[in-house]
>>> print(open('protein-v9.txt').read())   # compact mmCIF, C-alpha atoms
# COMPACT_ATOMS: atom_id res chain seq x y z
CA VAL A 88 -14.07 12.68 -14.71
CA GLN A 89 -16.06 9.84 -16.21
CA CYS A 90 -15.24 7.74 -19.23
CA ARG A 91 -17.75 5.50 -20.99
CA VAL A 92 -16.14 2.45 -22.52
CA ARG A 93 -17.78 1.66 -25.87
CA ARG A 94 -17.10 -0.91 -28.55
CA ARG A 95 -13.62 -0.47 -30.00
CA ALA A 96 -13.11 2.65 -27.86
CA ASP A 97 -10.55 1.43 -25.35
CA VAL A 98 -8.67 4.67 -24.63
CA ALA A 99 -9.60 4.73 -20.93
CA LEU A 100 -8.60 1.10 -20.47
CA ARG A 101 -5.34 1.66 -22.33
CA LEU A 102 -4.48 4.60 -20.09
CA ALA A 103 -5.37 2.66 -16.96
CA VAL A 104 -3.29 -0.37 -17.93
CA GLN A 105 -0.40 1.84 -18.98
CA ALA A 106 -0.57 3.73 -15.69
CA VAL A 107 -0.50 0.53 -13.68
CA TRP A 108 2.15 -1.13 -15.81
CA GLU A 109 4.47 1.86 -15.73
CA ASN A 110 4.02 2.38 -11.99
CA SER A 111 2.35 5.72 -12.39
CA LYS A 112 2.22 7.93 -9.29
CA GLU A 113 -1.55 7.82 -9.15
CA PRO A 114 -3.10 5.45 -11.71
CA ASN A 115 -6.54 5.97 -10.19
CA ALA A 116 -6.35 9.69 -10.96
CA PHE A 117 -7.05 8.97 -14.63
CA PHE A 118 -10.69 8.48 -13.81
CA GLU A 119 -13.03 8.19 -10.89
CA LYS A 120 -15.53 5.87 -12.52
CA ILE A 121 -15.93 3.73 -15.60
CA ASN A 122 -19.48 3.15 -16.77
CA LEU A 123 -19.81 -0.06 -18.75
CA PRO A 124 -22.47 -0.39 -21.45
CA ASP A 125 -25.04 -3.11 -20.87
CA ASP A 126 -23.58 -5.32 -23.59
CA PHE A 127 -19.86 -4.72 -22.97
CA SER A 128 -17.67 -7.81 -23.00
CA ALA A 129 -14.06 -8.74 -23.59
CA ALA A 130 -14.94 -9.45 -27.23
CA ASP A 131 -15.46 -5.71 -27.71
CA LEU A 132 -11.79 -4.96 -27.19
CA PRO A 133 -9.72 -4.45 -30.36
CA SER A 134 -7.72 -7.43 -31.55
CA ASN A 135 -4.53 -5.37 -31.18
CA PHE A 136 -5.31 -4.30 -27.61
CA SER A 137 -1.93 -4.45 -25.86
CA THR A 138 -1.13 -4.32 -22.17
CA GLY A 139 2.59 -4.76 -22.30
CA GLY A 140 2.49 -8.46 -21.61
CA ILE A 141 -0.38 -8.42 -19.10
CA SER A 142 -3.60 -10.14 -20.09
CA PRO A 143 -6.39 -8.85 -17.82
CA ASP A 144 -9.49 -10.99 -17.69
CA PHE A 145 -12.41 -8.76 -18.61
CA SER A 146 -14.87 -11.59 -19.09
CA SER A 147 -16.49 -10.90 -15.74
CA LEU A 148 -17.22 -7.34 -16.83
CA SER A 149 -19.98 -8.39 -19.22
CA ARG A 150 -23.26 -6.70 -18.31
CA THR A 151 -25.48 -8.29 -20.93
CA GLY A 152 -29.12 -7.87 -20.00
CA ALA A 153 -28.31 -5.86 -16.89
CA PRO A 154 -28.50 -2.13 -16.21
CA THR A 155 -25.36 -0.11 -16.86
CA ALA A 156 -22.96 -0.90 -14.04
CA THR A 157 -20.54 1.47 -12.38
CA LEU A 158 -17.15 0.44 -11.09
CA ASN A 159 -15.10 2.84 -9.02
CA SER A 160 -11.46 3.41 -9.90
CA GLN A 161 -10.17 1.13 -7.13
CA GLU A 162 -12.20 -1.78 -8.50
CA VAL A 163 -11.06 -1.09 -12.06
CA ALA A 164 -7.43 -0.83 -10.98
CA ALA A 165 -7.77 -4.08 -9.06
CA ARG A 166 -9.09 -5.86 -12.16
CA LEU A 167 -6.26 -4.47 -14.26
CA VAL A 168 -3.57 -5.42 -11.77
CA GLU A 169 -4.92 -8.81 -10.72
CA PRO A 170 -2.90 -10.67 -13.39
CA LEU A 171 0.25 -9.29 -11.76
CA ARG A 172 -0.65 -11.26 -8.64
CA THR A 173 -0.73 -14.58 -10.44
CA MET A 174 1.44 -14.17 -13.54
CA GLU A 175 4.60 -16.27 -13.81
CA ALA A 176 6.86 -13.22 -13.50
CA PRO A 177 10.26 -14.22 -12.16
CA VAL A 178 10.87 -12.83 -8.69
CA ILE A 179 13.94 -13.45 -6.56
CA GLN A 180 14.56 -12.33 -3.00
CA ILE A 181 18.09 -11.13 -2.28
CA ASP A 182 19.40 -11.21 1.29
CA ASN A 183 15.77 -11.47 2.51
CA THR A 184 15.60 -7.70 1.88
CA TYR A 185 15.30 -6.94 -1.83
CA ILE A 186 12.98 -8.23 -4.55
CA LEU A 187 14.52 -8.65 -8.00
CA THR A 188 12.18 -8.76 -10.99
CA HIS A 189 11.82 -7.27 -14.47
CA LEU A 190 9.43 -4.72 -15.89
CA ASN A 191 9.16 -3.79 -19.57
CA GLY A 192 12.57 -5.28 -20.25
CA ALA A 193 14.30 -3.49 -17.36
CA ALA A 194 15.75 -5.04 -14.22
CA VAL A 195 14.02 -3.75 -11.10
CA ILE A 196 15.27 -4.08 -7.53
CA VAL A 197 12.64 -3.32 -4.89
CA ASP A 198 13.34 -2.63 -1.22
CA GLN A 199 10.64 -4.82 0.37
CA HIS A 200 10.36 -2.77 3.57
CA ALA A 201 10.26 0.63 1.87
CA ALA A 202 7.71 -0.62 -0.67
CA HIS A 203 5.41 -2.25 1.90
CA GLU A 204 5.73 0.78 4.17
CA ARG A 205 4.49 3.07 1.38
CA ILE A 206 1.61 0.68 0.62
CA LEU A 207 0.46 0.54 4.25
CA TYR A 208 0.88 4.27 4.81
CA GLU A 209 -1.31 5.17 1.84
CA ARG A 210 -3.94 2.66 2.96
CA LEU A 211 -3.90 4.02 6.50
CA LYS A 212 -4.18 7.54 5.16
CA ALA A 213 -7.13 6.52 2.97
CA ASN A 214 -8.73 4.80 5.98
CA ASP A 215 -8.74 1.44 4.18
CA ALA A 216 -10.65 -0.99 6.38
CA ALA A 217 -8.21 -3.78 5.51
CA VAL A 218 -5.49 -2.05 7.52
CA THR A 219 -7.42 0.20 9.91
CA ALA A 220 -9.61 -2.54 11.39
CA ILE A 221 -9.12 -3.04 15.13
CA GLN A 222 -7.80 -6.39 16.34
CA PRO A 223 -8.68 -7.32 19.95
CA LEU A 224 -5.83 -9.09 21.73
CA LEU A 225 -6.56 -12.51 23.21
CA ILE A 226 -4.03 -11.75 25.92
CA ALA A 227 -3.77 -8.10 26.86
CA GLU A 228 -0.27 -6.64 26.75
CA THR A 229 0.86 -4.83 29.89
CA LEU A 230 2.62 -1.51 29.50
CA ASP A 231 4.54 0.19 32.33
CA LEU A 232 5.01 3.92 31.80
CA SER A 233 7.03 6.62 33.45
CA PRO A 234 5.10 9.50 35.07
CA ALA A 235 5.93 11.70 32.08
CA GLU A 236 4.81 9.08 29.56
CA GLU A 237 1.57 8.46 31.44
CA SER A 238 0.86 12.18 31.54
CA ILE A 239 1.21 12.42 27.75
CA LEU A 240 -0.93 9.32 27.22
CA GLU A 241 -3.70 10.70 29.43
CA ALA A 242 -3.58 14.01 27.56
CA ASN A 243 -4.18 12.33 24.17
CA PRO A 244 -6.81 9.61 24.72
CA LYS A 245 -8.89 10.49 21.65
CA THR A 246 -5.94 10.47 19.26
CA ILE A 247 -4.65 7.16 20.62
CA SER A 248 -8.13 5.62 20.30
CA GLU A 249 -8.67 6.96 16.75
CA LEU A 250 -5.39 5.34 15.72
CA GLY A 251 -6.84 1.97 16.74
CA PHE A 252 -5.31 1.39 20.18
CA HIS A 253 -7.60 0.45 23.07
CA LEU A 254 -5.94 0.89 26.44
CA GLU A 255 -7.18 0.77 30.01
CA SER A 256 -5.57 1.76 33.29
CA PHE A 257 -4.32 -1.20 35.34
CA GLY A 258 -2.79 0.38 38.40
CA PRO A 259 -0.29 3.16 39.02
CA ARG A 260 1.45 3.93 35.72
CA THR A 261 0.48 0.52 34.36
CA TRP A 262 -1.79 0.12 31.34
CA ARG A 263 -3.27 -2.80 29.49
CA VAL A 264 -3.35 -2.84 25.70
CA ARG A 265 -6.66 -4.50 24.79
CA ALA A 266 -6.70 -3.94 21.01
CA VAL A 267 -4.40 -2.70 18.25
CA PRO A 268 -4.72 -1.81 14.55
CA VAL A 269 -4.84 -5.04 12.57
CA ILE A 270 -1.56 -4.25 10.75
CA LEU A 271 0.20 -4.41 14.12
CA THR A 272 -1.13 -7.87 15.00
CA GLY A 273 1.79 -9.94 16.26
CA LYS A 274 3.99 -6.86 16.58
CA ASN A 275 5.31 -5.26 19.76
CA ALA A 276 2.36 -2.96 20.43
CA GLY A 277 3.91 -1.58 23.60
CA ALA A 278 7.00 -0.42 21.71
CA VAL A 279 4.84 1.31 19.09
CA ILE A 280 2.78 3.07 21.78
CA ARG A 281 5.95 4.28 23.47
CA LEU A 282 7.17 5.69 20.17
CA LEU A 283 3.80 7.39 19.64
CA ILE A 284 4.07 8.95 23.08
CA GLN A 285 7.56 10.14 22.15
CA GLU A 286 6.16 11.70 18.97
CA PHE A 287 3.56 13.57 21.01
CA SER A 288 6.27 14.65 23.46
CA ASP A 289 8.56 15.95 20.72
CA SER A 290 5.77 17.96 19.05
CA SER A 291 5.51 21.63 19.82
CA ALA A 292 2.42 22.90 21.59
CA ALA A 293 1.35 24.53 18.34
CA ALA A 294 1.61 21.36 16.29
CA ALA A 295 -1.63 20.67 14.45
CA LEU A 296 -3.52 17.46 15.15
CA SER A 297 -3.20 16.59 11.45
CA GLU A 298 0.59 16.81 11.74
CA LEU A 299 0.60 14.50 14.75
CA ARG A 300 -1.67 12.04 12.97
CA GLU A 301 0.57 12.10 9.89
CA ARG A 302 3.63 11.23 11.96
CA ALA A 303 1.67 8.55 13.80
CA LEU A 304 0.55 6.93 10.54
CA ILE A 305 4.12 6.86 9.23
CA LEU A 306 5.25 5.22 12.47
CA MET A 307 2.48 2.60 12.30
CA ALA A 308 3.18 1.84 8.63
CA CYS A 309 6.87 1.40 9.41
CA HIS A 310 6.26 -1.05 12.26
CA GLY A 311 3.42 -2.86 10.47
CA SER A 312 5.33 -3.58 7.27
CA VAL A 313 7.63 -6.45 6.41
CA ARG A 314 11.16 -5.83 7.59
CA ALA A 315 14.56 -6.18 6.00
CA GLY A 316 15.56 -9.76 6.74
CA ASP A 317 12.03 -11.19 6.55
CA PRO A 318 11.87 -14.15 4.12
CA LEU A 319 9.02 -13.88 1.61
CA THR A 320 7.34 -16.43 -0.64
CA ALA A 321 7.05 -15.80 -4.38
CA THR A 322 3.36 -15.04 -3.84
CA GLY A 323 4.22 -12.56 -1.10
CA MET A 324 6.73 -10.80 -3.31
CA GLN A 325 4.32 -10.61 -6.24
CA ARG A 326 1.63 -9.20 -3.95
CA ILE A 327 3.94 -6.39 -2.84
CA LEU A 328 4.84 -5.59 -6.45
CA ALA A 329 1.20 -5.59 -7.54
CA ASP A 330 0.07 -3.45 -4.61
CA LEU A 331 2.95 -1.03 -5.12
CA ALA A 332 1.95 -0.57 -8.77
CA VAL A 333 -1.37 1.00 -7.80
CA THR A 334 -0.16 2.92 -4.76
CA PRO A 335 0.16 6.71 -5.04
CA ARG A 336 3.60 8.29 -4.62
CA ASN A 337 5.16 4.87 -4.90
CA GLU A 338 8.68 5.99 -5.82
CA THR A 339 9.65 6.48 -2.18
CA CYS A 340 8.68 5.31 1.30
CA PRO A 341 7.06 7.87 3.65
CA HIS A 342 10.55 8.69 5.00
CA GLY A 343 11.81 9.55 1.52
CA ARG A 344 13.92 6.47 0.76
CA PRO A 345 13.53 4.99 -2.74
CA THR A 346 11.32 1.93 -3.03
CA ARG A 347 13.09 0.61 -6.12
CA LEU A 348 15.97 1.00 -8.51
CA THR A 349 15.47 0.39 -12.23
CA TYR A 350 18.19 -0.61 -14.69
CA THR A 351 17.34 -0.53 -18.38
CA PRO A 352 19.31 -2.65 -20.87
CA THR A 353 21.29 0.50 -21.69
CA ASP A 354 22.07 1.06 -18.02
CA LEU A 355 23.30 -2.53 -17.72
CA ALA A 356 25.38 -2.25 -20.87
CA LYS A 357 27.09 0.84 -19.43
CA LEU A 358 27.73 -0.89 -16.09
CA PHE A 359 29.34 -3.83 -17.92
CA LYS A 360 31.25 -1.37 -20.15
CA ARG A 361 29.66 -2.72 -23.30
CA ILE A 362 29.02 0.82 -24.46
>>> encode(input="protein-v9.txt", output="structure tokens")
Amino acid sequence: VQCRVRRRADVALRLAVQAVWENSKEPNAFFEKINLPDDFSAADLPSNFSTGGISPDFSSLSRTGAPTATLNSQEVAARLVEPLRTMEAPVIQIDNTYILTHLNGAAVIVDQHAAHERILYERLKANDAAVTAIQPLLIAETLDLSPAEESILEANPKTISELGFHLESFGPRTWRVRAVPVILTGKNAGAVIRLLIQEFSDSSAAAALSELRERALILMACHGSVRAGDPLTATGMQRILADLAVTPRNETCPHGRPTRLTYTPTDLAKLFKRI
């Protein structure tokens, strides 16, 4: 699907902003590409163009004197959501676990771990270089395995490597972890590898490789995300909210727990027995 944005014809942009602002399941599914006319600029948008309080900066989208440019949906979504990263939206962290903010007049409580876990999982699944890049370790981590664990590890070298772990044998049942996926930098890589081995062990012989990879990605996203109890800055909280807004299937974490609870003014009035 392609939409050409022309003067005064802002339907595609409206839908995109609305999708982002309302935390649509898949805002990028509205379109794959937006082709901008050579002379498109922010001045072409209608004076009543509304984004629900967001004011995206489209000035950089001007293509005056240049060939028609093509932006993919990720780039467009990023431009639409960028104001969320810097806007003065009030955010409060509760018990170093939940993010309290407001959206379209409603109070929203976000579980920071569940939200970040969903964000990382979808990026891992999409093979986003920002999270799948491999980080060499300055000091290799040593991992001592049982005979059974070592047997499973040696039977799945390709899968372990494709997930971003570089290991080398370092004596009987001892392995060195030389590199890890960048999202696990600073984490306990050995513990994650043991859990991966356990996943492989628990899988039936008939389990498809895709199923094993799916479970591995969920495990990595869980251990790579911020945890309950981690203090966050206002910028860190806003980044999670902005990233969550453009993440597919963002209502729940990969394990099925809700990422947020929303209370409209009516909901609050009922809770306080005003109605």
>>> closest_residue(input="protein-v9.txt", among="A:Thr320, A:Thr351, A:Ser238, A:Thr339", to="Ile186 of chain A", atoms="all atoms listed in the file")
A:Thr320
>>> residues_around(input="protein-v9.txt", residues="Ala194 of chain A", least_positions_apart="6", cutoff="9 Å", atoms="only C-alpha atoms", output="ChimeraX atom specification")
/A:187-188,348-352,355
>>> axis_aligned_box(input="protein-v9.txt", around="segment 240-257 of chain A", padding_each_side="5 Å", output="lines of an AutoDock Vina configuration file")
center_x = -4.9
center_y = 6.4
center_z = 25.5
size_x = 18.0
size_y = 25.2
size_z = 29.6
>>> closest_residue(input="protein-v9.txt", among="A:Ala303, A:Glu298, A:Ala220, A:Ala332", to="Leu190 of chain A", atoms="all atoms listed in the file")
A:Ala332
>>> atom_distance(input="protein-v9.txt", atom1="atom CA of Val195 of chain A", atom2="atom CA of Glu338 of chain A")
12.3 Å
>>> residues_around(input="protein-v9.txt", residues="Arg260 of chain A", least_positions_apart="2", cutoff="7 Å", atoms="all atoms listed in the file", output="number ranges by chain")
A: 231-234, 237, 258, 262
>>> atom_distance(input="protein-v9.txt", atom1="atom CA of Pro341 of chain A", atom2="atom CA of Arg205 of chain A")
5.9 Å
>>> closest_residue(input="protein-v9.txt", among="A:Glu236, A:Asp198, A:Glu301, A:Glu209", to="Arg281 of chain A", atoms="all atoms listed in the file")
A:Glu236
>>> closest_residue(input="protein-v9.txt", among="A:Thr246, A:Thr184, A:Thr219, A:Asn337", to="Leu299 of chain A", atoms="all atoms listed in the file")
A:Thr246
>>> atom_distance(input="protein-v9.txt", atom1="atom CA of Leu225 of chain A", atom2="atom CA of Val264 of chain A")
10.5 Å
>>> residues_around(input="protein-v9.txt", residues="segment 270-277 of chain A", least_positions_apart="6", cutoff="9 Å", atoms="all atoms listed in the file", output="VMD selection string")
chain A and resid 207 217 to 222 224 228 to 231 252 264 307 to 308 310 to 312
>>> residues_around(input="protein-v9.txt", residues="Gly323 of chain A", least_positions_apart="4", cutoff="12 Å", atoms="all atoms listed in the file", output="PyMOL selection string")
chain A and resi 171-173+178-180+186+199+203+313+317-319+327-330
>>> residues_around(input="protein-v9.txt", residues="Arg302 of chain A", least_positions_apart="4", cutoff="12 Å", atoms="only C-alpha atoms", output="VMD selection string")
chain A and resid 208 211 to 212 250 282 to 287 289 to 290 294 to 298 306 to 309 341 to 342
>>> closest_residue(input="protein-v9.txt", among="A:Arg314, A:Ala202, A:His253, A:Ile280", to="Val333 of chain A", atoms="all atoms listed in the file")
A:Ala202
>>> decode(input="protein-v9.txt", residues="segment 230-249 of chain A", atoms="N, CA, C and O atoms", output="CSV table (one decimal), in the first residue's frame")
chain,number,residue,atom,x,y,z
A,230,LEU,N,32.0,-20.2,32.1
A,230,LEU,CA,30.8,-20.9,32.4
A,230,LEU,C,31.1,-22.4,32.6
A,230,LEU,O,31.6,-23.1,31.7
A,231,ASP,N,30.8,-22.9,33.8
A,231,ASP,CA,31.0,-24.3,34.1
A,231,ASP,C,29.7,-25.0,33.9
A,231,ASP,O,28.7,-24.6,34.5
A,232,LEU,N,29.7,-26.1,33.1
A,232,LEU,CA,28.5,-26.8,32.8
A,232,LEU,C,28.5,-28.2,33.3
A,232,LEU,O,29.6,-28.8,33.4
A,233,SER,N,27.3,-28.8,33.5
A,233,SER,CA,27.3,-30.2,33.8
A,233,SER,C,27.4,-31.0,32.6
A,233,SER,O,27.3,-30.4,31.5
A,234,PRO,N,27.7,-32.3,32.6
A,234,PRO,CA,27.8,-33.1,31.4
A,234,PRO,C,26.6,-33.0,30.5
A,234,PRO,O,26.7,-32.9,29.3
A,235,ALA,N,25.4,-33.0,31.2
A,235,ALA,CA,24.2,-32.9,30.4
A,235,ALA,C,24.0,-31.6,29.7
A,235,ALA,O,23.6,-31.5,28.5
A,236,GLU,N,24.4,-30.5,30.4
A,236,GLU,CA,24.3,-29.1,29.8
A,236,GLU,C,25.3,-29.0,28.7
A,236,GLU,O,24.9,-28.4,27.6
A,237,GLU,N,26.5,-29.5,28.9
A,237,GLU,CA,27.5,-29.4,27.8
A,237,GLU,C,27.0,-30.2,26.6
A,237,GLU,O,27.2,-29.7,25.4
A,238,SER,N,26.4,-31.3,26.8
A,238,SER,CA,25.9,-32.1,25.6
A,238,SER,C,24.9,-31.3,24.8
A,238,SER,O,24.9,-31.4,23.6
A,239,ILE,N,24.0,-30.7,25.5
A,239,ILE,CA,23.0,-29.9,24.8
A,239,ILE,C,23.6,-28.7,24.1
A,239,ILE,O,23.2,-28.4,23.0
A,240,LEU,N,24.5,-28.0,24.8
A,240,LEU,CA,25.2,-26.9,24.1
A,240,LEU,C,25.9,-27.3,22.9
A,240,LEU,O,25.8,-26.7,21.8
A,241,GLU,N,26.6,-28.5,22.9
A,241,GLU,CA,27.4,-28.9,21.7
A,241,GLU,C,26.5,-29.4,20.6
A,241,GLU,O,26.9,-29.4,19.5
A,242,ALA,N,25.2,-29.7,21.0
A,242,ALA,CA,24.3,-30.2,20.0
A,242,ALA,C,23.6,-29.0,19.3
A,242,ALA,O,22.9,-29.2,18.3
A,243,ASN,N,23.7,-27.8,19.8
A,243,ASN,CA,23.0,-26.6,19.2
A,243,ASN,C,24.0,-25.5,19.0
A,243,ASN,O,23.6,-24.3,19.3
A,244,PRO,N,25.1,-25.7,18.4
A,244,PRO,CA,26.1,-24.6,18.2
A,244,PRO,C,25.6,-23.5,17.3
A,244,PRO,O,25.8,-22.3,17.5
A,245,LYS,N,24.9,-23.9,16.2
A,245,LYS,CA,24.4,-22.9,15.2
A,245,LYS,C,23.4,-22.0,15.8
A,245,LYS,O,23.4,-20.8,15.7
A,246,THR,N,22.4,-22.6,16.6
A,246,THR,CA,21.4,-21.8,17.2
A,246,THR,C,21.9,-20.8,18.2
A,246,THR,O,21.5,-19.6,18.2
A,247,ILE,N,22.8,-21.3,19.0
A,247,ILE,CA,23.4,-20.4,20.0
A,247,ILE,C,24.2,-19.3,19.4
A,247,ILE,O,24.1,-18.1,19.8
A,248,SER,N,24.9,-19.6,18.3
A,248,SER,CA,25.7,-18.5,17.6
A,248,SER,C,24.7,-17.5,16.9
A,248,SER,O,25.0,-16.3,16.9
A,249,GLU,N,23.6,-18.0,16.3
A,249,GLU,CA,22.7,-17.1,15.6
A,249,GLU,C,22.0,-16.2,16.6
A,249,GLU,O,21.6,-15.1,16.2
